[in-house]
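One structure is given here, and the rest of the page talks about it.
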Amino acid sequence: MSTVLVTGAAGFIGSHTTVDLVAAGYDVLGVDNFANSSPGAVERIHKLAEGTGAFEFVELDLRDRAGLTELLGRRPVDAVIHFAAKKAVGESVEFPFDYYDTNVGATLSLVAAMLDRGVNRLVFSSSCSIYGDATTVPIREDAPARPTNPYARTKWMCEQILADVCRRHSDWHVTSLRYFNPAGAHPSGLLGEDPRGIPNNVLPYIAQVAVGRRSELSIFGDDYPTPDGTGVRDYLHVVDLAEGHRLALAALDDAAGHRVINLGTGRGTSVRALLDAFSAACGRALPSRVAARRAGDVAELVADPALAAGLLGWTASRDVAAMCRDAWEFQRLNPNGYEPGPFDDRTHISTSTSTSTSTSQHATNGIGGSR
Ligand SMILES: NC(=O)c1ccc[n+]([C@@H]2O[C@H](COP(=O)([O-])OP(=O)(O)OC[C@H]3O[C@@H](n4cnc5c(N)ncnc54)[C@H](O)[C@@H]3O)[C@@H](O)[C@H]2O)c1
């Protein structure tokens with residue numbers, strides 16, 4: 001049994017990984033500042049971890065280096081999984097400073113606290129966006145890094161920082177996992193993807209169309225050199241991804257220094273095919289319209305996942321139909337995500353604002369029951 005600090009534990013991937021780790025017998029100390037998540041996710045983790053006593057949560061901004069050092073001194077921590085970051089590509093172009101401040105700043109703060117406290121095992125959330133517009137698909141880890149936006153550059157910089165720390169400290173073991181496109185939800189329907197504001201990722205957007213919170217999906221470009229003209233991505237079930245983190249954690253002792261491993265399925269799905277799969281999962285054809293390509297988007301990103309299979313013994317077992325089924329189940333049961341209250345653009349559903357509970361009931365019955 002060992003204790004793992006999970007940063008960004010209330011977020012989409014962090015919450016699923018925390019639940020997976022607790023189920024596997026780890027103790028988890030979760031931290032988050034709720035910049036893109038809500039305390040409701042922490043309540044759900046407690047519910048799923050009930051009776052184990054293996055999950056503790058502390059609200060903390062990771063850039064608070066003194067607070068983090070104090071936390072790591074409070075109880076022994078054997079390893080860290082570092083999820084906390086901002087992750088929207090478009091937003092990173094508009095607010096680059098915020099992205100460097102949060103993503104690079106939080107990683108520096110974490111490394112400093114780990115050095116202070118003698119913690120030297122780390123799994124880092126990296127991203128396939130580091131590859132940019134890759135010329136060879138499927139993409140292997142030795143493909144050149146060509147980040148095309150500030151978000152991707154923050155991930156690339158963090159990997160470089162971690163590699164340099166490992167060069168200097170020979171007892172450090174770090175694995176950077178470059179994920180492709182995480183999607184889906186916990187099969188219990190209790191955990192899912194519930195970003196603040198308008199979703200930046202396509203699957204939660206489609207889920208919000210399905211539940212009536214958004215009117216239609218905008219498909220950005222249908223003239224890419226792909227079978228149906230829409231962008232192709234390697235969607236990966238978040239529960240498979242959580243398992244990948246657990247295996248990467250367990251394998252940290254195997255290799256000193258910094259190593260990079262892709263997590264993806266090796267299978268590409270177009271936006272149109274994803275929309276069709278979600279329509280099948282929720283039982284109605286979901287509306288969409290074609291819009292102009294977005295700057296910085298690429299035609300196709302698909303992983304070569306062979307290294308993860310070889311080094312971690314990990315392969316993704318869940319398909320796109322399972323991702324859509326589970327994401328729909330979470331959205332259907334939680335039309336407002338983790339927050340009680342009216343939908344963003346369906347406030348007329350609420351007939352009372354006197355208590356959040358009554359508002360939530362109206363919203364849930366009005367929408368959830370009708371689909
Ligand atoms: N979801 C994806 O498509 C994807 C793809 C590749 C890589 N990643 C990486 O995976 C990680 C997790 O992504 P996610 O999809 O779960 O995102 P998420 O936004 O749901 O989770 C990130 C969590 O970090 C928290 N956080 C942000 N800044 C913080 C700070 N300064 N201090 C403490 N907590 C902070 C947020 O509140 C949030 O709960 C991120 O590092 C992201 O860049 C995500």
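A note on labels: chains of the structure tokens are A, B, ... as shown, every chain counts residues from 1, and ligands are counted from 1 in their shown order.
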
How close does chain A get to ligand 1? List, as a tab-separated table, each residue of chain A within 6 Å, its nearest atom pair and the distance in Å to one decimal, counting only C-alpha atoms and all ligand atoms.
residue	atom	partner	partner_atom_place_in_ligand_line	distance
A:Gly8	CA	ligand 1	24 (O)	3.5
A:Ala10	CA	ligand 1	39 (O)	4.5
A:Gly11	CA	ligand 1	39 (O)	3.3
A:Phe12	CA	ligand 1	16 (O)	3.7
A:Ile13	CA	ligand 1	16 (O)	3.8
A:Gly14	CA	ligand 1	16 (O)	5.4
A:Asp32	CA	ligand 1	34 (N)	3.7
A:Asn33	CA	ligand 1	33 (C)	4.2
A:Phe34	CA	ligand 1	37 (O)	3.6
A:Ala35	CA	ligand 1	37 (O)	3.7
A:Asn36	CA	ligand 1	37 (O)	3.8
A:Ser37	CA	ligand 1	39 (O)	4.4
A:Leu60	CA	ligand 1	33 (C)	5.7
A:Asp61	CA	ligand 1	32 (N)	3.5
A:Leu62	CA	ligand 1	32 (N)	3.9
A:Arg63	CA	ligand 1	31 (N)	5.6
A:Phe83	CA	ligand 1	11 (C)	4.2
A:Ala84	CA	ligand 1	24 (O)	3.3
A:Ala85	CA	ligand 1	27 (C)	4.3
A:Lys86	CA	ligand 1	27 (C)	5.5
A:Lys87	CA	ligand 1	43 (O)	4.4
A:Thr102	CA	ligand 1	31 (N)	5.2
A:Ala106	CA	ligand 1	31 (N)	5.9
A:Ser125	CA	ligand 1	41 (O)	4.8
A:Ser126	CA	ligand 1	7 (C)	5.2
A:Ser127	CA	ligand 1	6 (C)	4.0
A:Tyr179	CA	ligand 1	6 (C)	4.7
A:Phe180	CA	ligand 1	5 (C)	5.8
A:Asn181	CA	ligand 1	3 (O)	5.0
A:Pro182	CA	ligand 1	3 (O)	5.2

Residues flagged alpha helix (DSSP H) by DSSP in range 38-201 of chain A, as a PyMOL selection string = chain A and resi 39-48+65-74+89-94+96-99+105-117+150-168

Output file for the residues above (C-alpha atoms, as a PDB file, in the first residue's frame):
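The result, stored in part.pdb:
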ATOM      1  CA  PRO A  39     -16.480  20.272  -5.041  1.00  0.00           C
ATOM      2  CA  GLY A  40     -19.294  18.041  -6.321  1.00  0.00           C
ATOM      3  CA  ALA A  41     -16.671  15.848  -7.994  1.00  0.00           C
ATOM      4  CA  VAL A  42     -14.897  15.426  -4.660  1.00  0.00           C
ATOM      5  CA  GLU A  43     -18.174  14.354  -3.030  1.00  0.00           C
ATOM      6  CA  ARG A  44     -18.628  11.721  -5.753  1.00  0.00           C
ATOM      7  CA  ILE A  45     -15.088  10.403  -5.228  1.00  0.00           C
ATOM      8  CA  HIS A  46     -15.830  10.125  -1.497  1.00  0.00           C
ATOM      9  CA  LYS A  47     -19.005   8.229  -2.360  1.00  0.00           C
ATOM     10  CA  LEU A  48     -17.180   5.771  -4.630  1.00  0.00           C
ATOM     11  CA  ARG A  65       4.720  26.427  -3.046  1.00  0.00           C
ATOM     12  CA  ALA A  66       4.837  26.972   0.735  1.00  0.00           C
ATOM     13  CA  GLY A  67       1.394  25.394   1.162  1.00  0.00           C
ATOM     14  CA  LEU A  68       2.363  22.451  -1.010  1.00  0.00           C
ATOM     15  CA  THR A  69       5.647  21.894   0.844  1.00  0.00           C
ATOM     16  CA  GLU A  70       3.733  22.015   4.113  1.00  0.00           C
ATOM     17  CA  LEU A  71       1.217  19.478   2.790  1.00  0.00           C
ATOM     18  CA  LEU A  72       3.949  17.068   1.672  1.00  0.00           C
ATOM     19  CA  GLY A  73       5.459  17.347   5.155  1.00  0.00           C
ATOM     20  CA  ARG A  74       2.158  16.513   6.855  1.00  0.00           C
ATOM     21  CA  VAL A  89      -5.800  25.313 -26.828  1.00  0.00           C
ATOM     22  CA  GLY A  90      -7.822  28.327 -28.022  1.00  0.00           C
ATOM     23  CA  GLU A  91      -7.806  29.940 -24.590  1.00  0.00           C
ATOM     24  CA  SER A  92      -4.045  29.451 -24.407  1.00  0.00           C
ATOM     25  CA  VAL A  93      -3.617  31.509 -27.571  1.00  0.00           C
ATOM     26  CA  GLU A  94      -5.696  34.301 -26.044  1.00  0.00           C
ATOM     27  CA  PRO A  96      -0.673  32.735 -22.953  1.00  0.00           C
ATOM     28  CA  PHE A  97       0.603  34.190 -19.686  1.00  0.00           C
ATOM     29  CA  ASP A  98      -2.097  32.371 -17.699  1.00  0.00           C
ATOM     30  CA  TYR A  99      -1.095  29.120 -19.350  1.00  0.00           C
ATOM     31  CA  GLY A 105       4.392  27.585 -12.651  1.00  0.00           C
ATOM     32  CA  ALA A 106       2.493  24.779 -10.921  1.00  0.00           C
ATOM     33  CA  THR A 107       4.963  22.174 -12.196  1.00  0.00           C
ATOM     34  CA  LEU A 108       7.931  24.219 -10.903  1.00  0.00           C
ATOM     35  CA  SER A 109       6.201  24.650  -7.552  1.00  0.00           C
ATOM     36  CA  LEU A 110       5.492  20.912  -7.371  1.00  0.00           C
ATOM     37  CA  VAL A 111       9.060  19.926  -8.270  1.00  0.00           C
ATOM     38  CA  ALA A 112      10.416  22.354  -5.651  1.00  0.00           C
ATOM     39  CA  ALA A 113       8.151  20.908  -2.954  1.00  0.00           C
ATOM     40  CA  MET A 114       9.070  17.343  -3.987  1.00  0.00           C
ATOM     41  CA  LEU A 115      12.787  18.200  -3.812  1.00  0.00           C
ATOM     42  CA  ASP A 116      12.269  19.790  -0.380  1.00  0.00           C
ATOM     43  CA  ARG A 117      10.467  16.687   0.894  1.00  0.00           C
ATOM     44  CA  PRO A 150       1.011  27.988 -26.007  1.00  0.00           C
ATOM     45  CA  TYR A 151      -0.832  25.082 -24.319  1.00  0.00           C
ATOM     46  CA  ALA A 152       1.236  22.485 -26.176  1.00  0.00           C
ATOM     47  CA  ARG A 153       4.402  24.498 -25.517  1.00  0.00           C
ATOM     48  CA  THR A 154       3.684  24.469 -21.750  1.00  0.00           C
ATOM     49  CA  LYS A 155       3.486  20.658 -21.861  1.00  0.00           C
ATOM     50  CA  TRP A 156       6.697  20.455 -23.891  1.00  0.00           C
ATOM     51  CA  MET A 157       8.446  22.831 -21.451  1.00  0.00           C
ATOM     52  CA  CYS A 158       7.300  20.825 -18.440  1.00  0.00           C
ATOM     53  CA  GLU A 159       8.666  17.648 -20.031  1.00  0.00           C
ATOM     54  CA  GLN A 160      11.999  19.427 -20.574  1.00  0.00           C
ATOM     55  CA  ILE A 161      12.052  20.681 -16.976  1.00  0.00           C
ATOM     56  CA  LEU A 162      11.365  17.173 -15.682  1.00  0.00           C
ATOM     57  CA  ALA A 163      14.028  15.654 -17.950  1.00  0.00           C
ATOM     58  CA  ASP A 164      16.586  18.176 -16.637  1.00  0.00           C
ATOM     59  CA  VAL A 165      15.626  17.501 -13.005  1.00  0.00           C
ATOM     60  CA  CYS A 166      16.092  13.772 -13.685  1.00  0.00           C
ATOM     61  CA  ARG A 167      19.523  14.435 -15.273  1.00  0.00           C
ATOM     62  CA  ARG A 168      20.576  16.314 -12.139  1.00  0.00           C
TER      63      ARG A 168
END

Would you mind writing down, as an mmCIF file with C-alpha atoms, in the first residue's frame, each residue of range 197-295 of chain A that DSSP on the backbone assigns to strand (DSSP E or B)?
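Produced file states-v6.cif, reproduced below:
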data_model
loop_
_atom_site.group_PDB
_atom_site.id
_atom_site.type_symbol
_atom_site.label_atom_id
_atom_site.label_comp_id
_atom_site.auth_asym_id
_atom_site.auth_seq_id
_atom_site.Cartn_x
_atom_site.Cartn_y
_atom_site.Cartn_z
ATOM 1 C CA LEU A 217 -22.551 20.738 -32.528
ATOM 2 C CA SER A 218 -20.351 22.910 -34.733
ATOM 3 C CA ILE A 219 -18.102 20.717 -36.849
ATOM 4 C CA PHE A 220 -15.013 22.787 -37.545
ATOM 5 C CA VAL A 232 -9.864 12.285 -37.021
ATOM 6 C CA ARG A 233 -8.767 11.739 -33.425
ATOM 7 C CA TYR A 235 -10.481 8.781 -28.549
ATOM 8 C CA LEU A 236 -9.556 6.935 -25.391
ATOM 9 C CA HIS A 237 -11.909 5.857 -22.604
ATOM 10 C CA GLY A 257 15.221 9.257 -15.317
ATOM 11 C CA HIS A 258 12.539 10.683 -17.580
ATOM 12 C CA ARG A 259 10.609 8.616 -20.084
ATOM 13 C CA VAL A 260 7.778 9.467 -22.452
ATOM 14 C CA ILE A 261 4.918 7.085 -23.292
ATOM 15 C CA ASN A 262 1.864 7.578 -25.531
ATOM 16 C CA LEU A 263 -1.552 6.551 -24.235
ATOM 17 C CA THR A 269 -12.556 8.218 -35.308
ATOM 18 C CA SER A 270 -13.860 11.204 -37.266
ATOM 19 C CA SER A 288 -24.865 19.669 -36.172
ATOM 20 C CA ARG A 289 -23.662 22.265 -38.650
ATOM 21 C CA VAL A 290 -20.394 22.647 -40.495
ATOM 22 C CA ALA A 291 -18.312 25.696 -39.572
#

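Minimum atom-to-atom distance to Ser170 in chain A, evaluated using only C-alpha atoms, belongs to A:Ala256 out of A:Pro305, A:Ala256, A:Ala210, A:Leu29.
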
For Leu5 in chain A, please output as a PDB file with N, CA and C atoms, in the first residue's frame all residues within 6 Å (counting only C-alpha atoms; exclusion window: fewer than 6 positions along the same chain).
ATOM      1  N   VAL A  28      -4.940   7.880  -1.461  1.00  0.00           N
ATOM      2  CA  VAL A  28      -4.804   9.050  -2.335  1.00  0.00           C
ATOM      3  C   VAL A  28      -5.035  10.331  -1.546  1.00  0.00           C
ATOM      4  N   LEU A  29      -4.071  11.252  -1.711  1.00  0.00           N
ATOM      5  CA  LEU A  29      -4.215  12.608  -1.195  1.00  0.00           C
ATOM      6  C   LEU A  29      -4.465  13.483  -2.413  1.00  0.00           C
ATOM      7  N   GLY A  30      -5.679  13.991  -2.547  1.00  0.00           N
ATOM      8  CA  GLY A  30      -6.035  14.775  -3.727  1.00  0.00           C
ATOM      9  C   GLY A  30      -5.967  16.266  -3.443  1.00  0.00           C
ATOM     10  N   VAL A  80       3.729  11.013  -6.952  1.00  0.00           N
ATOM     11  CA  VAL A  80       2.783  12.068  -7.351  1.00  0.00           C
ATOM     12  C   VAL A  80       2.278  11.786  -8.762  1.00  0.00           C
TER      13      VAL A  80
END

Can you pull out every residue within 12 Å of Ala255 in chain A, counting only C-alpha atoms, but drop anything in the same chain fewer than 6 positions away, and send it as JSON, numbers by chain?
-> {"A": [121, 122, 166, 170, 171, 172, 173, 174, 175, 248, 249, 311, 312]}

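Closest approach to Ala322 in chain A among A:Gly197, A:Pro187, A:Gly25, A:Gly268 is made by A:Pro187 (distances from only C-alpha atoms).
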
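Nearest to Ala303 in chain A of all the residues A:Thr18, A:Ser2, A:Thr136, A:Thr7 is A:Thr136, based on only C-alpha atoms.
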
Which residue of A:Gly221, A:Gly264, A:Gly212, A:Gly229 approaches Pro287 in chain A most closely, using only C-alpha atoms = A:Gly212

May I have the residues within 8 Å of Glu329 in chain A as a ChimeraX atom specification, using only C-alpha atoms and disregarding those fewer than 3 positions away in the same chain?
-> /A:187,189,325-326,332-333

Would you write out those residues with C-alpha atoms, as a CSV table (one decimal), in the first residue's frame?
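Produced file selection.csv, reproduced below:
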chain,number,residue,atom,x,y,z
A,187,PRO,CA,-19.7,3.4,-15.7
A,189,GLY,CA,-22.8,7.4,-13.9
A,325,ARG,CA,-22.7,5.1,-23.7
A,326,ASP,CA,-20.9,6.0,-20.4
A,332,ARG,CA,-28.4,11.9,-18.5
A,333,LEU,CA,-28.2,11.4,-14.8

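Atom pair CA of Phe330 in chain A / CA of Leu203 in chain A has a distance of 12.1 Å (rounded to one decimal).
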
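Considering the residues A:His169, A:Arg318, A:Arg146, A:Arg196 and counting only C-alpha atoms, Asp240 in chain A has its shortest atom-to-atom contact with A:Arg318.
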
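Across the structure, CA of Val239 in chain A and CA of Glu50 in chain A are spaced 19.0 Å apart.
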
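Taking only C-alpha atoms into account, Ile81 in chain A lies nearest to A:Gly244 out of the set A:Pro335, A:Gly244, A:Gly53, A:Pro204.
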
All residues 7 Å or closer to Met323 in chain A, only C-alpha atoms, same chain fewer than 5 positions away omitted, as an MDAnalysis selection string | chainID A and resid 183:185 237

Would you put the residues from that selection into a file with C-alpha atoms, as a PDB file, in the first residue's frame?
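New file selection.pdb:
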ATOM      1  CA  ALA A 183     -13.468  10.675 -23.425  1.00  0.00           C
ATOM      2  CA  GLY A 184     -16.270   8.757 -21.719  1.00  0.00           C
ATOM      3  CA  ALA A 185     -17.164   8.538 -18.046  1.00  0.00           C
ATOM      4  CA  HIS A 237     -11.909   5.857 -22.604  1.00  0.00           C
TER       5      HIS A 237
END

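Relative to CA of Asp234 in chain A, CA of Ala316 in chain A is found at 11.1 Å.
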
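Within 7 Å of range 132-134 of chain A there are Arg146, Pro147, Thr148 and Val298 of chain A, counting only C-alpha atoms and ignoring same-chain residues fewer than 5 positions away.
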
Selection from above, N, CA and C atoms, as an mmCIF file, in the first residue's frame, can you write it?
data_model
loop_
_atom_site.group_PDB
_atom_site.id
_atom_site.type_symbol
_atom_site.label_atom_id
_atom_site.label_comp_id
_atom_site.auth_asym_id
_atom_site.auth_seq_id
_atom_site.Cartn_x
_atom_site.Cartn_y
_atom_site.Cartn_z
ATOM 1 N N ARG A 146 6.621 19.284 -32.183
ATOM 2 C CA ARG A 146 6.381 20.511 -32.961
ATOM 3 C C ARG A 146 5.145 21.221 -32.426
ATOM 4 N N PRO A 147 5.184 21.633 -31.145
ATOM 5 C CA PRO A 147 3.981 22.252 -30.567
ATOM 6 C C PRO A 147 3.608 23.526 -31.317
ATOM 7 N N THR A 148 2.301 23.703 -31.559
ATOM 8 C CA THR A 148 1.873 24.830 -32.399
ATOM 9 C C THR A 148 1.096 25.895 -31.632
ATOM 10 N N VAL A 298 -5.543 20.126 -36.670
ATOM 11 C CA VAL A 298 -4.872 19.280 -37.662
ATOM 12 C C VAL A 298 -5.837 18.200 -38.130
#
